[in-house]
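Below is one structure, written out as structure tokens; comments come after it.
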Amino acid sequence: MTFKDQWRFVRNNMKRSKSRIFMTVLATAMGVAFLIVLASVGFGLHTTFIDDIISDRSVTKIQISGIEKENDIAPITDEEITELEKVDNMKAVTRQLSLRQTPQFNMEDYNGRVETVVTHFPSELKAGMELKEGDLPEDPYEVVVGPHFIENLYPEDLPADEEIYDEEGMLKEEFKYGESLIGQEIEMVVEQNVDGETKEHEISLIITGIVEPPARDWMQDRQVYISDDVLTEVESFTETSRGAIVDPNYPEAEQEVTGYNYVYGYANSLEEVQEISEYLTEENYLVYSAASELDHLNTFFTIAKAGLIFIGTIAIIIASIGIYNTMTMAVTERTSDIGIMKAIGAHPKKIKQIFLLESSYIGLLGAFIGTVVAFVISILLNIGLPLIIESAFEQELPEGFQFSSIPPSLIVIAAVICLIVTVLSGLKPAKRATQIDVLKAMRREI
Amino acid sequence: MIDVKDINHTFLLGKKQNETALPVLKNISFSVDKGEILAITGKSGSGKSTLLNIIGGFMKPTSGSVWIKDMNVTNLNEGEYADFRLDNIGFIFQNFQLIPSMTAFENIELPLVLKGLSEKERKKKTEQTLEQVGLSDYHHHYPSELSGGQQQRVSIARTLVIEPPIILADEPTGSLDSETEQEILDLITGLNRNIGITFLMITHDEEVARIASKQIHIHDGEIVKEEVSA
Ligand SMILES: Nc1ncnc2c1ncn2[C@@H]1O[C@H](COP(=O)(O)OP(=O)(O)OP(=O)(O)O)[C@@H](O)[C@H]1O
Ligand SMILES: [Mg+2]
């Protein structure tokens, strides 16, 4: 018996009980749509978060926070930097250390205390440090500043009785330094206590560029980035490591500090980040990268998605009870036909196939309709939900936010689950059809 | 062609099938040669249908064996018997046993569909067979739109279409009037003579039994008389 003929049988049989089949398909479709929509939220949020991480410029960046040495964690020093720079595919290794005092910066009539970091500009250049304006320093006494640096620059004649910050806590426009910072001369004032007396030392610097703002809106960069040479001058004045201020209550200040505060490795691509991270981990480095963040995120969402699919599967299983019923009724109704077919010489296997074909057809049809419905719901969700959230909570969702997403893999998963469940639920009725006794079935007809 | 060897059959009746044993067939042995028409006669309840159902493979005898074309078919399982039937045995029933949702054409075509023949071949054979039983004009009629005689012709055509060497018939004319009965009997004798199909036919009607080349008379599950017609 050819597939085409079996299919013809199935179609004829189904025509005879249209409304019953329709209801069964509907129930199955609802189950499938429920599964897909539910899981699509997992998929949608996953993509949203991944996009968020990937859109961050620092995906190719690997944070190297230390190295394990003799059961202890040591900071990265120049020794390791040389080693790190030799690692395959390592584009650049940038390193920064923080000045251990917050110097005062004077510029024309403006001044303010700003965190200062010592940066190795040649490697920043290789890593592709992005500037919002200007260029990277070439001369040792040139510096770059963070994009929010001017927020810390206050005019000298600051009014005492007036609110100088706006609602968001930012310096009001009228108090800000108005001119371009590029090419400006700026004075860095470092201090040291000598015999209970505060001494000051001034270093004149030129601003050559402004760093690109951090990827996240809520992050601010107000720092001043200086070179090694400036640090050397600071240290020779303070006579402490990294310009720490001597304080009788704080004896650690006079201790020698080694190692960088921030070390970042740069790769060319996300895959290379993975490779390098793995290699560095083997070499006992403590590394963290967006790639590993992605890893965690992927693990979390994979579990979440599996859970959602499982819950959705329950809906399909409930729908399968309908299929079981429908198929049982179909077999009962056609008992005498089956008896006649068996009497003529229909192999029980063929009869089973016909009924399994019918239940899988119901399953496939349900899966198809369910998928279409799920797509419609998904689109409505993605349009409607942001509107509801924005109007109810007065909160804007980030751009590209996707609540629900239906990738082809989800459709395949849903269809396969649906097919398995429907075939399983059609199995028993189909088996019953093969066990119909010819004589009893034919006697019934009289 | 058909050898029935020492068949015994006992029905077990009642709950859990252990209350009463009802012996229906006792030591039945006979044989049918190729090209014969064998008529089994006997009173109602004598066990005729039971015997035919055992030969047709619809039930297993309590003991004994049936050999068809030198093959012990008693040992075949259900699926194997189905395949064997599809190739070798046609059935004609008293109440026709046509599928009501199918037209005459489709009913006749069914065995060919089961065999997996191509649509073209099926159409040709089915049309030929329809003509053979004189129903060329009734392709699209459903069983409910046909007379009893016509339905029995369709049912005969359905067995003929696979050209079986053997046809088993349980009171093929049992629900027809005498005129139609004669038509069907003519058809059967014609098929026997022209194509050489072997018939094994149950009847309780002496008139019908007369077309047979051999008669077996059963009484209370035993063969009491066996006679060869002139
Ligand atoms: N499935 C069954 N279970 C129990 N007893 C049965 C069964 N089928 C038939 N019998 C019994 O077996 C006996 C023979 O029945 P069978 O149908 O073979 O008779 P028959 O000769 O064909 O009669 P008729 O001419 O009325 O068709 C009867 O007494 C009947 O009650
Ligand atoms: Mg009978």
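Letters A, B, ... go to the chains of the structure tokens in the order shown; residues in each chain start at 1; ligands are counted from 1 in the same order.
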
Discussion item. Neighbours of ligand 2 at 8 Å or closer, counting only C-alpha atoms and all ligand atoms: which residues, as an MDAnalysis selection string?
Written reply: chainID B and resid 44:45 47:50 170:171 202

Fill in: Selection within 9 Å of ligand 1 by only C-alpha atoms and all ligand atoms, output as a ChimeraX atom specification
/A:439-440 /B:10-14,22-25,41-53,170-171,202-204,218-221

Practice prompt. Select, from A:Thr47, A:Phe34, A:Ala343, A:Phe355, the residue with the minimum atom-to-atom distance to chain B, counting only C-alpha atoms.
Written response: A:Ala343

Fill in: Surrounding residues of Ile162 of chain B excluding itself and chain neighbours under 2 positions, 9 Å, only C-alpha atoms, as number ranges by chain
B: 86-88, 90, 111-112, 125, 158-160, 164

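You can rank B:Leu130, B:Leu117, B:Ala21, B:Ile28 by their closest distance to chain A using only C-alpha atoms, and at the top of that list sits B:Leu117.
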
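Distance criterion 8 Å to chain A, applied with only C-alpha atoms, yields B:Phe58, B:Glu78, B:Gly79, B:Glu80, B:Tyr81, B:Ala82, B:Asp83, B:Phe84, B:Arg85, B:Leu86, B:Gly90, B:Phe91, B:Asn95, B:Gln97, B:Leu98, B:Ile99, B:Pro111, B:Val113, B:Leu114, B:Lys115, B:Gly116, B:Leu117, B:Thr159 on chain B.
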
Item to complete: Write out as a PyMOL selection string the residues lying within 8 Å of Val331 of chain A, counting only C-alpha atoms and excluding same-chain residues fewer than 2 positions away.
Response: chain A and resi 327-329+333-335+429-430+432-433

Item to complete: Determine, counting only C-alpha atoms, which protein, DNA and RNA residues have an atom within 12 Å of an atom of Val32 of chain B; residues of the same chain fewer than 5 positions away are not included. Present the result as a PyMOL selection string.
Response: chain B and resi 1-5+37-40+55+66-70+166-168+197-201+212-216+226+228

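The list of residues with at least one atom within 12 Å of Thr82 of chain A, based on only C-alpha atoms and without residues fewer than 6 positions apart in the same chain, reads Ile76, Met90, Ala92, Val93, Thr94, Arg95, Ser123 and Gly265 of chain A.
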
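Look at segment 177-190 of chain B: the protein and nucleic acid residues within 8 Å of it, using only C-alpha atoms and passing over chain neighbours fewer than 6 places away, are B:Val133, B:Gly149, B:Gln152, B:Arg153, B:Val208, B:Ile211.
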
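Remark: for Arg222 of chain A, the closest of the candidate residues A:Glu202, A:Asn284, A:Thr240, A:Gly112 is A:Gly112 (distances computed over only C-alpha atoms).
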
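Residues of segment 137-176 of chain A carrying a DSSP assignment of helix (DSSP H, G or I), computed from the backbone, are Phe149, Ile150, Glu151, Asn152, Glu173, Glu174 and Phe175 of chain A.
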
Worksheet item: Using the chain letters and numbers from this document, which residues of segment 35-227 of chain B does DSSP assign to strand (DSSP E), as an MDAnalysis selection string?
Response: chainID B and resid 37:42 63:68 71:72 89:93 166:170 198:202 214:219 222:227

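For the pair atom CA of Ile156 of chain B and atom CA of Asn107 of chain B, the interatomic distance is 10.6 Å.
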
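Note that atom CA of Phe43 of chain A and atom CA of Glu275 of chain A are 26.3 Å apart.
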
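Rounded to one decimal, atom CA of Glu187 of chain A and atom CA of His201 of chain A lie 9.8 Å from each other.
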